[in-house]
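Peer 1: Just one file: query_28.csv, with CSV, N, CA and C atoms and all ligand atoms.
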chain,number,residue,atom,x,y,z
A,12,MET,N,0.8,-1.2,0.0
A,12,MET,CA,0.0,0.0,0.0
A,12,MET,C,0.9,1.2,0.0
A,13,LYS,N,1.9,1.2,0.9
A,13,LYS,CA,2.8,2.3,1.0
A,13,LYS,C,3.5,2.6,-0.4
A,14,SER,N,3.9,1.5,-1.0
A,14,SER,CA,4.6,1.7,-2.3
A,14,SER,C,3.7,2.2,-3.4
A,15,LEU,N,2.4,1.9,-3.2
A,15,LEU,CA,1.4,2.4,-4.2
A,15,LEU,C,1.3,3.9,-4.0
A,16,VAL,N,1.2,4.3,-2.8
A,16,VAL,CA,1.1,5.8,-2.5
A,16,VAL,C,2.3,6.5,-3.1
A,17,CYS,N,3.5,5.9,-2.8
A,17,CYS,CA,4.7,6.5,-3.3
A,17,CYS,C,4.7,6.6,-4.8
A,18,SER,N,4.3,5.5,-5.5
A,18,SER,CA,4.3,5.5,-6.9
A,18,SER,C,3.3,6.6,-7.5
A,19,LEU,N,2.2,6.7,-6.8
A,19,LEU,CA,1.2,7.7,-7.3
A,19,LEU,C,1.7,9.1,-7.1
A,20,ALA,N,2.4,9.3,-5.9
A,20,ALA,CA,3.0,10.6,-5.7
A,20,ALA,C,4.1,10.9,-6.7
A,21,LEU,N,4.9,9.9,-7.0
A,21,LEU,CA,5.9,10.1,-8.0
A,21,LEU,C,5.3,10.4,-9.4
A,22,LEU,N,4.3,9.6,-9.7
A,22,LEU,CA,3.6,9.8,-11.0
A,22,LEU,C,3.1,11.2,-11.2
A,23,SER,N,2.3,11.6,-10.1
A,23,SER,CA,1.7,13.0,-10.2
A,23,SER,C,2.8,14.1,-10.3
A,24,ALA,N,3.9,13.8,-9.6
A,24,ALA,CA,5.0,14.8,-9.6
A,24,ALA,C,5.5,14.9,-11.1
A,25,ILE,N,5.7,13.8,-11.7
A,25,ILE,CA,6.2,13.8,-13.1
A,25,ILE,C,5.2,14.5,-14.0
A,26,VAL,N,3.9,14.2,-13.9
A,26,VAL,CA,2.8,14.8,-14.7
A,26,VAL,C,2.8,16.3,-14.5
A,27,LEU,N,2.8,16.7,-13.2
A,27,LEU,CA,2.7,18.1,-12.9
A,27,LEU,C,3.9,18.8,-13.5
A,28,ASN,N,5.1,18.2,-13.3
A,28,ASN,CA,6.3,18.8,-13.8
A,28,ASN,C,6.3,19.0,-15.3
A,29,GLY,N,5.7,18.0,-16.0
A,29,GLY,CA,5.7,18.0,-17.4
A,29,GLY,C,4.7,19.1,-18.0
A,30,GLN,N,3.7,19.4,-17.2
A,30,GLN,CA,2.7,20.4,-17.6
A,30,GLN,C,3.0,21.8,-17.3
A,31,SER,N,3.7,22.0,-16.2
A,31,SER,CA,3.9,23.4,-15.8
A,31,SER,C,5.3,23.9,-16.2
A,32,LYS,N,5.2,24.8,-17.1
A,32,LYS,CA,6.5,25.5,-17.6
A,32,LYS,C,6.4,27.0,-17.2
A,33,TYR,N,6.9,27.3,-16.1
A,33,TYR,CA,6.8,28.7,-15.6
A,33,TYR,C,7.9,29.6,-16.1
A,34,ASN,N,7.5,30.6,-16.7
A,34,ASN,CA,8.4,31.6,-17.2
A,34,ASN,C,8.4,32.8,-16.3
A,35,THR,N,9.6,33.4,-16.1
A,35,THR,CA,9.7,34.6,-15.3
A,35,THR,C,10.2,35.7,-16.2
A,36,THR,N,9.5,36.9,-16.2
A,36,THR,CA,9.9,38.0,-17.0
A,36,THR,C,9.5,39.3,-16.3
A,37,THR,N,10.2,40.3,-16.8
A,37,THR,CA,9.9,41.7,-16.2
A,37,THR,C,9.5,42.6,-17.4
A,38,LEU,N,8.4,43.3,-17.2
A,38,LEU,CA,8.0,44.3,-18.2
A,38,LEU,C,8.0,45.7,-17.6
A,39,GLU,N,8.4,46.7,-18.4
A,39,GLU,CA,8.3,48.1,-18.0
A,39,GLU,C,7.0,48.6,-18.4
A,40,VAL,N,6.2,49.0,-17.4
A,40,VAL,CA,4.8,49.5,-17.6
A,40,VAL,C,4.7,50.9,-17.0
A,41,ASP,N,4.2,51.8,-17.8
A,41,ASP,CA,4.0,53.2,-17.3
A,41,ASP,C,2.8,53.3,-16.4
A,42,GLY,N,2.9,54.1,-15.4
A,42,GLY,CA,1.8,54.4,-14.5
A,42,GLY,C,2.3,55.4,-13.4
A,43,LEU,N,1.4,55.8,-12.6
A,43,LEU,CA,1.7,56.8,-11.6
A,43,LEU,C,1.6,56.4,-10.1
A,44,CYS,N,0.5,55.8,-9.8
A,44,CYS,CA,0.2,55.7,-8.4
A,44,CYS,C,-0.3,54.3,-8.0
A,45,GLY,N,-0.8,54.2,-6.7
A,45,GLY,CA,-1.3,53.0,-6.2
A,45,GLY,C,-2.5,52.4,-7.0
A,46,MET,N,-3.3,53.4,-7.5
A,46,MET,CA,-4.5,53.0,-8.3
A,46,MET,C,-4.0,52.3,-9.6
A,47,CYS,N,-2.9,52.9,-10.2
A,47,CYS,CA,-2.4,52.3,-11.4
A,47,CYS,C,-1.8,50.9,-11.1
A,48,GLU,N,-1.2,50.8,-9.9
A,48,GLU,CA,-0.7,49.5,-9.5
A,48,GLU,C,-1.7,48.4,-9.5
A,49,GLU,N,-2.9,48.8,-8.9
A,49,GLU,CA,-4.0,47.8,-8.8
A,49,GLU,C,-4.5,47.5,-10.2
A,50,ARG,N,-4.7,48.5,-11.0
A,50,ARG,CA,-5.2,48.3,-12.3
A,50,ARG,C,-4.3,47.4,-13.2
A,51,ILE,N,-3.0,47.7,-13.1
A,51,ILE,CA,-2.0,47.0,-13.9
A,51,ILE,C,-2.0,45.5,-13.5
A,52,GLU,N,-1.9,45.3,-12.1
A,52,GLU,CA,-1.8,43.9,-11.6
A,52,GLU,C,-3.1,43.1,-11.9
A,53,ASN,N,-4.3,43.8,-11.7
A,53,ASN,CA,-5.5,43.1,-12.0
A,53,ASN,C,-5.6,42.7,-13.5
A,54,ALA,N,-5.2,43.6,-14.3
A,54,ALA,CA,-5.2,43.3,-15.8
A,54,ALA,C,-4.3,42.2,-16.1
A,55,ALA,N,-3.1,42.2,-15.5
A,55,ALA,CA,-2.1,41.2,-15.8
A,55,ALA,C,-2.4,39.8,-15.3
A,56,TYR,N,-3.3,39.7,-14.3
A,56,TYR,CA,-3.7,38.4,-13.8
A,56,TYR,C,-4.7,37.7,-14.7
A,57,ILE,N,-4.3,37.3,-15.9
A,57,ILE,CA,-5.2,36.5,-16.7
A,57,ILE,C,-4.8,35.1,-16.5
A,58,GLN,N,-5.6,34.2,-17.1
A,58,GLN,CA,-5.4,32.8,-16.8
A,58,GLN,C,-4.0,32.3,-17.2
A,59,GLY,N,-3.4,31.6,-16.3
A,59,GLY,CA,-2.0,31.2,-16.6
A,59,GLY,C,-1.0,32.0,-15.9
A,60,VAL,N,-1.4,33.2,-15.4
A,60,VAL,CA,-0.4,34.1,-14.7
A,60,VAL,C,-0.4,33.7,-13.2
A,61,LYS,N,0.8,33.5,-12.7
A,61,LYS,CA,0.9,33.0,-11.3
A,61,LYS,C,1.2,34.2,-10.4
A,62,LYS,N,2.0,35.1,-11.0
A,62,LYS,CA,2.4,36.3,-10.2
A,62,LYS,C,2.5,37.5,-11.1
A,63,ALA,N,1.9,38.6,-10.6
A,63,ALA,CA,2.0,39.9,-11.3
A,63,ALA,C,2.2,41.0,-10.2
A,64,ASP,N,3.4,41.6,-10.2
A,64,ASP,CA,3.7,42.5,-9.1
A,64,ASP,C,4.4,43.8,-9.7
A,65,TRP,N,3.6,44.9,-9.8
A,65,TRP,CA,4.2,46.1,-10.3
A,65,TRP,C,4.7,47.1,-9.2
A,66,SER,N,5.8,47.7,-9.5
A,66,SER,CA,6.4,48.6,-8.5
A,66,SER,C,6.2,50.0,-8.9
A,67,GLN,N,5.6,50.8,-8.0
A,67,GLN,CA,5.4,52.2,-8.3
A,67,GLN,C,6.7,53.0,-8.4
A,68,GLU,N,7.8,52.5,-7.8
A,68,GLU,CA,9.1,53.2,-7.8
A,68,GLU,C,9.8,52.9,-9.1
A,69,THR,N,9.9,51.6,-9.5
A,69,THR,CA,10.7,51.2,-10.6
A,69,THR,C,9.9,51.1,-11.9
A,70,HIS,N,8.5,51.0,-11.8
A,70,HIS,CA,7.6,50.8,-12.9
A,70,HIS,C,7.8,49.5,-13.6
A,71,LEU,N,8.5,48.6,-12.9
A,71,LEU,CA,8.7,47.2,-13.4
A,71,LEU,C,7.6,46.3,-12.9
A,72,LEU,N,7.1,45.5,-13.9
A,72,LEU,CA,6.1,44.5,-13.5
A,72,LEU,C,6.8,43.1,-13.6
A,73,GLU,N,6.8,42.5,-12.4
A,73,GLU,CA,7.4,41.1,-12.4
A,73,GLU,C,6.3,40.1,-12.6
A,74,LEU,N,6.6,39.2,-13.5
A,74,LEU,CA,5.6,38.2,-13.9
A,74,LEU,C,6.2,36.8,-13.8
A,75,ILE,N,5.3,35.9,-13.3
A,75,ILE,CA,5.6,34.5,-13.4
A,75,ILE,C,4.3,33.9,-14.1
A,76,TYR,N,4.5,33.2,-15.2
A,76,TYR,CA,3.4,32.7,-15.9
A,76,TYR,C,3.7,31.3,-16.5
A,77,ASN,N,2.6,30.6,-16.7
A,77,ASN,CA,2.7,29.3,-17.3
A,77,ASN,C,2.7,29.4,-18.8
A,78,SER,N,3.8,29.1,-19.4
A,78,SER,CA,4.0,29.3,-20.8
A,78,SER,C,3.2,28.4,-21.7
A,79,SER,N,2.6,27.3,-21.0
A,79,SER,CA,1.8,26.4,-21.8
A,79,SER,C,0.3,26.9,-21.8
A,80,LYS,N,0.0,27.9,-21.0
A,80,LYS,CA,-1.3,28.5,-20.9
A,80,LYS,C,-1.4,29.9,-21.5
A,81,VAL,N,-0.4,30.7,-21.4
A,81,VAL,CA,-0.4,32.1,-21.8
A,81,VAL,C,0.9,32.5,-22.3
A,82,ASP,N,1.0,33.5,-23.1
A,82,ASP,CA,2.3,34.1,-23.5
A,82,ASP,C,2.3,35.6,-23.2
A,83,GLU,N,3.6,36.1,-23.4
A,83,GLU,CA,3.8,37.5,-23.0
A,83,GLU,C,2.9,38.4,-23.8
A,84,ALA,N,2.7,38.1,-25.1
A,84,ALA,CA,1.9,39.0,-25.9
A,84,ALA,C,0.5,39.2,-25.4
A,85,ALA,N,-0.1,38.1,-24.8
A,85,ALA,CA,-1.4,38.1,-24.3
A,85,ALA,C,-1.5,39.0,-23.0
A,86,ILE,N,-0.4,38.9,-22.2
A,86,ILE,CA,-0.4,39.7,-21.0
A,86,ILE,C,-0.2,41.2,-21.3
A,87,ILE,N,0.6,41.5,-22.3
A,87,ILE,CA,0.8,42.9,-22.8
A,87,ILE,C,-0.5,43.4,-23.3
A,88,ALA,N,-1.2,42.6,-24.1
A,88,ALA,CA,-2.5,43.0,-24.7
A,88,ALA,C,-3.5,43.3,-23.5
A,89,ALA,N,-3.5,42.5,-22.5
A,89,ALA,CA,-4.4,42.8,-21.4
A,89,ALA,C,-4.1,44.1,-20.6
A,90,ILE,N,-2.8,44.4,-20.5
A,90,ILE,CA,-2.4,45.6,-19.8
A,90,ILE,C,-2.8,46.8,-20.7
A,91,ASN,N,-2.5,46.7,-22.0
A,91,ASN,CA,-2.9,47.8,-23.0
A,91,ASN,C,-4.4,48.0,-22.9
A,92,GLU,N,-5.2,46.9,-22.7
A,92,GLU,CA,-6.6,47.0,-22.7
A,92,GLU,C,-7.2,47.9,-21.7
A,93,VAL,N,-6.5,48.0,-20.5
A,93,VAL,CA,-6.9,48.9,-19.4
A,93,VAL,C,-6.3,50.2,-19.5
A,94,GLY,N,-5.5,50.5,-20.6
A,94,GLY,CA,-5.0,51.8,-20.9
A,94,GLY,C,-3.6,52.1,-20.6
A,95,HIS,N,-2.8,51.1,-20.1
A,95,HIS,CA,-1.5,51.3,-19.7
A,95,HIS,C,-0.5,51.0,-20.8
A,96,ASP,N,0.6,51.8,-20.9
A,96,ASP,CA,1.6,51.6,-21.9
A,96,ASP,C,2.7,50.6,-21.4
A,97,VAL,N,3.0,49.7,-22.2
A,97,VAL,CA,4.1,48.8,-21.9
A,97,VAL,C,5.3,49.2,-22.8
A,98,LYS,N,6.5,49.1,-22.4
A,98,LYS,CA,7.6,49.5,-23.2
A,98,LYS,C,7.5,48.9,-24.6
A,99,ASN,N,7.6,49.7,-25.6
A,99,ASN,CA,7.5,49.3,-27.0
A,99,ASN,C,6.1,48.8,-27.4
A,100,HIS,N,5.2,48.8,-26.5
A,100,HIS,CA,3.8,48.4,-26.8
A,100,HIS,C,2.8,49.4,-26.2
A,101,PRO,N,2.7,50.6,-26.8
A,101,PRO,CA,1.7,51.6,-26.2
A,101,PRO,C,0.3,51.1,-26.4
A,102,ALA,N,-0.5,51.6,-25.4
A,102,ALA,CA,-2.0,51.4,-25.6
A,102,ALA,C,-2.5,52.3,-26.7
A,103,THR,N,-3.6,52.0,-27.3
A,103,THR,CA,-4.2,52.9,-28.3
A,103,THR,C,-4.7,54.1,-27.5
A,104,ASP,N,-5.0,55.2,-28.2
A,104,ASP,CA,-5.5,56.4,-27.6
A,104,ASP,C,-6.9,56.1,-27.0
A,105,GLU,N,-7.7,55.2,-27.7
A,105,GLU,CA,-9.0,54.8,-27.2
A,105,GLU,C,-8.8,54.1,-25.9
A,106,GLN,N,-7.9,53.2,-25.8
A,106,GLN,CA,-7.7,52.4,-24.5
A,106,GLN,C,-7.2,53.4,-23.4
A,107,TYR,N,-6.3,54.3,-23.7
A,107,TYR,CA,-5.8,55.2,-22.8
A,107,TYR,C,-6.9,56.2,-22.3
A,108,ALA,N,-7.8,56.5,-23.1
A,108,ALA,CA,-8.9,57.4,-22.8
A,108,ALA,C,-9.7,57.0,-21.6
A,109,ASN,N,-9.7,55.7,-21.3
A,109,ASN,CA,-10.5,55.2,-20.1
A,109,ASN,C,-9.8,55.3,-18.8
A,110,ILE,N,-8.5,55.7,-18.8
A,110,ILE,CA,-7.7,55.8,-17.6
A,110,ILE,C,-8.3,56.9,-16.7
A,111,HIS,N,-8.4,56.7,-15.5
A,111,HIS,CA,-8.9,57.6,-14.5
A,111,HIS,C,-8.1,58.9,-14.5
A,112,GLY,N,-8.8,60.1,-14.3
A,112,GLY,CA,-8.2,61.4,-14.4
A,112,GLY,C,-6.8,61.5,-13.6
A,113,CYS,N,-6.8,61.0,-12.4
A,113,CYS,CA,-5.5,61.2,-11.6
A,113,CYS,C,-4.5,60.2,-12.0
A,114,CYS,N,-4.8,59.4,-13.0
A,114,CYS,CA,-3.8,58.3,-13.4
A,114,CYS,C,-3.3,58.6,-14.8
A,115,ARG,N,-3.5,59.8,-15.3
A,115,ARG,CA,-3.1,60.2,-16.7
A,115,ARG,C,-1.6,60.3,-16.7
A,116,PHE,N,-0.9,59.1,-16.9
A,116,PHE,CA,0.5,59.0,-16.8
A,116,PHE,C,1.2,59.6,-18.1
A,117,ARG,N,0.4,59.9,-19.1
A,117,ARG,CA,1.1,60.6,-20.3
A,117,ARG,C,1.1,62.1,-20.1
A,118,ASP,N,0.3,62.6,-19.1
A,118,ASP,CA,0.2,64.1,-18.9
A,118,ASP,C,1.5,64.6,-18.2
A,119,PRO,N,2.2,65.5,-18.9
A,119,PRO,CA,3.5,66.0,-18.3
A,119,PRO,C,3.3,66.6,-16.9
A,120,ASP,N,2.2,67.3,-16.6
A,120,ASP,CA,1.9,67.8,-15.3
A,120,ASP,C,1.8,66.8,-14.3
A,121,GLN,N,1.0,65.7,-14.6
A,121,GLN,CA,0.8,64.6,-13.7
A,121,GLN,C,2.2,63.9,-13.4
A,122,ARG,N,3.0,63.8,-14.5
A,122,ARG,CA,4.3,63.1,-14.3
A,122,ARG,C,5.2,63.9,-13.4
A,123,ALA,N,5.2,65.3,-13.6
A,123,ALA,CA,6.0,66.1,-12.8
A,123,ALA,C,5.6,66.0,-11.3
A,124,LYS,N,4.3,66.0,-11.1
A,124,LYS,CA,3.7,65.8,-9.7
A,124,LYS,C,4.2,64.6,-9.0
A,125,HIS,N,4.5,63.5,-9.8
A,125,HIS,CA,4.9,62.3,-9.2
A,125,HIS,C,6.4,62.1,-9.4
A,126,GLY,N,7.1,63.2,-9.8
A,126,GLY,CA,8.6,63.2,-9.9
A,126,GLY,C,9.0,62.3,-11.0
A,127,LEU,N,8.3,62.2,-12.1
A,127,LEU,CA,8.6,61.3,-13.2
A,127,LEU,C,9.1,62.1,-14.4
A,128,GLY,N,10.0,61.6,-15.2
A,128,GLY,CA,10.5,62.2,-16.4
A,128,GLY,C,9.7,61.9,-17.6
A,129,ASP,N,10.4,61.6,-18.7
A,129,ASP,CA,9.7,61.3,-20.0
A,129,ASP,C,8.8,60.1,-19.9
A,130,PRO,N,7.7,60.1,-20.6
A,130,PRO,CA,6.8,58.8,-20.6
A,130,PRO,C,7.5,57.7,-21.4
A,131,LEU,N,7.1,56.5,-21.2
A,131,LEU,CA,7.7,55.3,-21.9
A,131,LEU,C,7.4,55.5,-23.4
A,132,CYS,N,6.2,55.9,-23.7
A,132,CYS,CA,5.8,56.0,-25.1
A,132,CYS,C,5.5,57.5,-25.4
A,133,LYS,N,6.0,58.0,-26.5
A,133,LYS,CA,5.8,59.4,-26.8
A,133,LYS,C,4.3,59.7,-27.0
A,134,PRO,N,3.9,60.9,-26.6
A,134,PRO,CA,2.4,61.3,-26.7
A,134,PRO,C,2.1,61.3,-28.2
A,135,GLY,N,0.9,60.8,-28.5
A,135,GLY,CA,0.4,60.8,-29.9
A,135,GLY,C,0.9,59.6,-30.7
A,136,GLU,N,1.8,58.9,-30.1
A,136,GLU,CA,2.3,57.7,-30.8
A,136,GLU,C,1.3,56.6,-30.7
A,137,THR,N,0.6,56.2,-31.7
A,137,THR,CA,-0.4,55.2,-31.7
A,137,THR,C,0.2,53.9,-31.9
A,138,HIS,N,-0.5,52.8,-31.6
A,138,HIS,CA,-0.1,51.5,-31.8
A,138,HIS,C,0.3,51.2,-33.2
A,139,GLU,N,-0.6,51.7,-34.1
A,139,GLU,CA,-0.3,51.5,-35.6
A,139,GLU,C,0.9,52.1,-36.0
A,140,GLU,N,1.1,53.4,-35.7
A,140,GLU,CA,2.3,54.2,-36.1
A,140,GLU,C,3.5,53.5,-35.6
A,141,HIS,N,3.4,53.0,-34.4
A,141,HIS,CA,4.6,52.4,-33.7
A,141,HIS,C,5.1,51.2,-34.5
A,142,HIS,N,4.2,50.4,-35.1
A,142,HIS,CA,4.6,49.2,-35.8
A,142,HIS,C,4.8,49.4,-37.3
A,143,ALA,N,4.6,50.7,-37.7
A,143,ALA,CA,4.7,51.0,-39.2
A,143,ALA,C,6.2,50.9,-39.6
A,144,HIS,N,6.5,50.4,-40.7
A,144,HIS,CA,7.8,50.3,-41.2
A,144,HIS,C,8.0,51.2,-42.4
A,145,GLY,N,9.1,51.9,-42.6
A,145,GLY,CA,9.4,52.7,-43.8
A,145,GLY,C,8.5,53.9,-43.9
A,146,GLY,N,8.0,54.4,-42.8
A,146,GLY,CA,7.2,55.6,-42.8
A,146,GLY,C,8.0,56.8,-43.1
A,147,LYS,N,7.4,58.0,-43.2
A,147,LYS,CA,8.1,59.2,-43.5
A,147,LYS,C,8.9,59.6,-42.3
A,148,HIS,N,10.1,60.0,-42.6
A,148,HIS,CA,11.0,60.6,-41.5
A,148,HIS,C,11.3,62.0,-41.8
A,149,ASP,N,10.8,62.9,-41.1
A,149,ASP,CA,11.1,64.3,-41.3
A,149,ASP,C,12.0,64.9,-40.2
A,150,HIS,N,13.3,65.0,-40.6
A,150,HIS,CA,14.3,65.5,-39.7
A,150,HIS,C,14.6,67.0,-40.0
B,1,CU,CU,-2.8,55.8,-10.9
Re-express the file's structure as structure tokens.
Ligand SMILES: [Cu+2]
Peer 2:
Amino acid sequence: MKSLVCSLALLSAIVLNGQSKYNTTTLEVDGLCGMCEERIENAAYIQGVKKADWSQETHLLELIYNSSKVDEAAIIAAINEVGHDVKNHPATDEQYANIHGCCRFRDPDQRAKHGLGDPLCKPGETHEEHHAHGGKHDH
């Protein structure tokens, strides 16, 4: 009986090990305050995400996720969906428009109030423009 329990435990350990592939990554996400932190973390906790922890000081979002259930692109899309810019992946203006007034992280005055410098993504830079290749360059 004891050996059966041991075999079952061993078997389930192998099965669990084979299914769970946890990736750890860090994303830079723009935001201002504690409300942003809650919004970003709630958005990032989609199915397959084990840990999402955003720091108001560093603006870094620490993620642990199951790569067999979810990928980085899906997590970035979920964060964009609530209006936050991820480095190299800005939210659309429509998505940003839903951000609460005191969380307007693209607003230079709000940034200054929170002691922040340049935003992660330039104002007016839309998702489409960002990914466009060979566009006009006026220097
Ligand atoms: Cu905020």
Peer 1: Between atom N of Ile51 in chain A and CA of Lys80 in chain A, what is the spacing in Å?
Peer 2: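 Interatomic distance, CA of Lys80 in chain A to atom N of Ile51 in chain A: 20.8 Å.
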Peer 1: Just how far from atom C of Leu71 in chain A is atom C of Leu38 in chain A, in Å to one decimal?
Peer 2: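 We find that atom C of Leu38 in chain A and atom C of Leu71 in chain A lie 4.8 Å from each other.
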Peer 1: With distances taken over all atoms listed in the file, which of A:Asn77, A:Cys47, A:Gly112, A:His70 is nearest to ligand CU 1 (chain B)?
Peer 2: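 Of the candidates, the smallest distance to ligand CU 1 (chain B) is held by A:Cys47.
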Peer 1: Run DSSP on the backbone and tell me which residues of range 31-144 of chain A come out as helix (DSSP H, G or I); list them as number ranges by chain.
Peer 2: A: 45-55, 83-92, 104-107, 112-114, 119-124, 138-142
Peer 1: Of the candidates A:Lys98, A:His111, A:Lys61, A:Arg117, which one gets nearest to ligand CU 1 (chain B) if we count only C-alpha atoms and all ligand atoms?
Peer 2: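 With only C-alpha atoms and all ligand atoms as the atom set, the closest residue is A:His111.
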Peer 1: Can you pull out every residue with an atom within 7 Å of ligand CU 1 (chain B)? Use only C-alpha atoms and all ligand atoms and format it as a count of residues only.
Peer 2: 9
Peer 1: With only N, CA and C atoms as the counted atoms, please give the residues lying no more than 8 Å from Tyr76 in chain A, apart from itself and same-chain residues fewer than 6 positions off, as a list in words.
Peer 2: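 Listed by chain and then number, they are Ser31, Lys32, Tyr33, Asn34, Thr35, Thr36, Gln58, Gly59, Val60, Lys61, Lys62, Ala63 and Asp82 of chain A.
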